[in-house]
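The next block holds one structure in the form of structure tokens; read it before the comments.
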Amino acid sequence: MAEVRRRIYVTSPGYDDIGRVLKSMGVGYQSFSGSYDCSLLFVNCGTPDAVDPRKLAEFVDAGGCLYASDLAGDLLGIAFPELFVFAGRGGRTGEIDALVVDRELREISGRMIRIRFDMGSWKVLRHCQGHAIIRSANPGEYADLPIMVSVRCGRGTIFYTCFHNRSQQSVEEQRILQLLVLKQIGLTEGSSVEQVGRSLGVQVNEFRRDFRS
């Protein structure tokens, strides 16, 4: 699986910087410059870059893989109005116990993880026309809400996370985002998380130890 097969664009950092996660894994990428001729596009929460909703929808429909986080949900609501239902920016700071629903990720992470929301007013996702990867296990207002999801659209896939990458992350949060990157690359290349990890020299067994420590 050659690295040249992957063309990854990443928007400029905003409230998070997914490029930092990619660098930590040795995944090469280019800065987004308005072109959509890539296999994966990562849109940071609060990016200052202009991302065209129509072109974004065309990119995914044609088979592209999109990652977006938190406030980039506003963009998803415009580009894919029938796929996502948000309850606005009502999320509060604090920690949420989360159930890992996706079987491939759960085999590595275990059943439960903890997610910390370091900023208020995060986008609360009520429903999507897809599958939850992680759901809130907290009682009350966030009970059973999706925290990380994947949604098929045309020939492509959209991944969305309510939380975002930040400078002070727990090991669990860093690892779950790295696993999501592996899953996205695997989706575009027809490979498993384990296979993509090996191609990048990423030791997935270390992830297992970190989640269980």
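Each chain of the structure tokens is named A, B, ... in the order shown, its residues numbered from 1; ligands are numbered from 1 in display order.
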Task: stretch 11-196 of chain A: residues DSSP assigns to strand (DSSP E or B), reported as an NGL selection string - done: :A and (30-31 or 40-43 or 65-69 or 84-86 or 91 or 94-100 or 112-117 or 122 or 125-128 or 131-136 or 146-153 or 156-161)
Considering only C-alpha atoms, give me a table of residues in stretch 29-64 of chain A that are at most 7 Å from stretch 145-159 of chain A, with the closest atom pair and distance in Å for each, as JSON lines.
```
{"residue": "A:Val60", "atom": "CA", "partner": "A:Gly156", "partner_atom": "CA", "distance": 4.7}
{"residue": "A:Asp61", "atom": "CA", "partner": "A:Gly154", "partner_atom": "CA", "distance": 4.3}
{"residue": "A:Ala62", "atom": "CA", "partner": "A:Arg155", "partner_atom": "CA", "distance": 5.6}
{"residue": "A:Gly63", "atom": "CA", "partner": "A:Gly156", "partner_atom": "CA", "distance": 3.8}
{"residue": "A:Gly64", "atom": "CA", "partner": "A:Gly156", "partner_atom": "CA", "distance": 4.9}
```
Taking 6 positions as the minimum chain separation for residues in the same chain, which residues sit within 9 Å of stretch 92-98 of chain A when counting only C-alpha atoms? Answer as a JSON list (two decimals) with N, CA, C and O atoms, in the first residue's frame.
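Wrote out28.json, looks like this:
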```
[["chain", "number", "residue", "atom", "x", "y", "z"],
["A", 111, "ARG", "N", -14.74, -1.15, 25.42],
["A", 111, "ARG", "CA", -16.14, -0.76, 25.28],
["A", 111, "ARG", "C", -16.39, 0.70, 25.66],
["A", 111, "ARG", "O", -17.23, 1.36, 25.06],
["A", 112, "MET", "N", -15.69, 1.21, 26.66],
["A", 112, "MET", "CA", -15.97, 2.55, 27.18],
["A", 112, "MET", "C", -14.71, 3.42, 27.14],
["A", 112, "MET", "O", -13.61, 2.95, 27.43],
["A", 113, "ILE", "N", -14.90, 4.69, 26.80],
["A", 113, "ILE", "CA", -13.84, 5.68, 26.90],
["A", 113, "ILE", "C", -14.44, 6.95, 27.51],
["A", 113, "ILE", "O", -15.65, 7.05, 27.68],
["A", 114, "ARG", "N", -13.58, 7.90, 27.81],
["A", 114, "ARG", "CA", -14.06, 9.18, 28.35],
["A", 114, "ARG", "C", -13.61, 10.31, 27.44],
["A", 114, "ARG", "O", -12.44, 10.39, 27.06],
["A", 115, "ILE", "N", -14.55, 11.19, 27.09],
["A", 115, "ILE", "CA", -14.29, 12.32, 26.21],
["A", 115, "ILE", "C", -14.46, 13.61, 27.01],
["A", 115, "ILE", "O", -15.46, 13.79, 27.71],
["A", 116, "ARG", "N", -13.49, 14.51, 26.89],
["A", 116, "ARG", "CA", -13.57, 15.80, 27.58],
["A", 116, "ARG", "C", -13.86, 16.91, 26.58],
["A", 116, "ARG", "O", -13.16, 17.04, 25.57],
["A", 117, "PHE", "N", -14.89, 17.69, 26.85],
["A", 117, "PHE", "CA", -15.20, 18.87, 26.05],
["A", 117, "PHE", "C", -14.62, 20.08, 26.77],
["A", 117, "PHE", "O", -15.10, 20.48, 27.83],
["A", 118, "ASP", "N", -13.56, 20.63, 26.18],
["A", 118, "ASP", "CA", -12.82, 21.71, 26.86],
["A", 118, "ASP", "C", -13.42, 23.08, 26.61],
["A", 118, "ASP", "O", -13.04, 24.05, 27.25],
["A", 119, "MET", "N", -14.38, 23.18, 25.66],
["A", 119, "MET", "CA", -15.00, 24.46, 25.34],
["A", 119, "MET", "C", -16.52, 24.29, 25.34],
["A", 119, "MET", "O", -17.04, 23.25, 24.91],
["A", 120, "GLY", "N", -17.20, 25.32, 25.78],
["A", 120, "GLY", "CA", -18.66, 25.30, 25.72],
["A", 120, "GLY", "C", -19.15, 25.62, 24.32],
["A", 120, "GLY", "O", -18.38, 25.93, 23.42],
["A", 121, "SER", "N", -20.46, 25.52, 24.14],
["A", 121, "SER", "CA", -21.12, 25.85, 22.88],
["A", 121, "SER", "C", -20.71, 24.94, 21.72],
["A", 121, "SER", "O", -20.70, 25.35, 20.57],
["A", 122, "TRP", "N", -20.35, 23.68, 22.05],
["A", 122, "TRP", "CA", -20.06, 22.74, 20.97],
["A", 122, "TRP", "C", -21.37, 22.28, 20.34],
["A", 122, "TRP", "O", -22.43, 22.32, 20.94],
["A", 134, "ILE", "N", -19.27, 6.32, 18.16],
["A", 134, "ILE", "CA", -19.24, 6.49, 19.62],
["A", 134, "ILE", "C", -20.52, 7.20, 20.03],
["A", 134, "ILE", "O", -20.94, 8.17, 19.38],
["A", 135, "ARG", "N", -21.13, 6.73, 21.12],
["A", 135, "ARG", "CA", -22.33, 7.37, 21.68],
["A", 135, "ARG", "C", -22.09, 7.77, 23.13],
["A", 135, "ARG", "O", -21.32, 7.12, 23.85],
["A", 136, "SER", "N", -22.77, 8.82, 23.55],
["A", 136, "SER", "CA", -22.71, 9.21, 24.95],
["A", 136, "SER", "C", -23.36, 8.14, 25.82],
["A", 136, "SER", "O", -24.43, 7.63, 25.50],
["A", 137, "ALA", "N", -22.69, 7.80, 26.91],
["A", 137, "ALA", "CA", -23.26, 6.86, 27.88],
["A", 137, "ALA", "C", -23.71, 7.60, 29.14],
["A", 137, "ALA", "O", -24.09, 6.95, 30.13],
["A", 138, "ASN", "N", -23.69, 8.93, 29.10],
["A", 138, "ASN", "CA", -24.13, 9.72, 30.24],
["A", 138, "ASN", "C", -25.64, 9.76, 30.33],
["A", 138, "ASN", "O", -26.33, 9.75, 29.32],
["A", 142, "TYR", "N", -27.61, 14.46, 27.46],
["A", 142, "TYR", "CA", -26.79, 13.90, 26.39],
["A", 142, "TYR", "C", -26.96, 12.39, 26.25],
["A", 142, "TYR", "O", -26.22, 11.74, 25.51],
["A", 144, "ASP", "N", -27.35, 8.85, 25.20],
["A", 144, "ASP", "CA", -27.38, 8.08, 23.96],
["A", 144, "ASP", "C", -27.15, 8.93, 22.71],
["A", 144, "ASP", "O", -27.35, 8.45, 21.59],
["A", 147, "ILE", "N", -21.67, 10.89, 19.35],
["A", 147, "ILE", "CA", -20.52, 11.78, 19.57],
["A", 147, "ILE", "C", -19.58, 11.74, 18.37],
["A", 147, "ILE", "O", -18.93, 12.72, 18.03]]
```
Task: Which residue of A:Glu107, A:Cys128, A:Leu182, A:Tyr160 approaches A:Arg212 most closely, using only C-alpha atoms - done: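 Ranked by minimum distance to A:Arg212, first place goes to A:Glu107.
With distances taken over only C-alpha atoms, A:Asp16 is the one residue among A:Glu189, A:Asp16, A:Glu104, A:Asp37 lying closest to A:Ala72.
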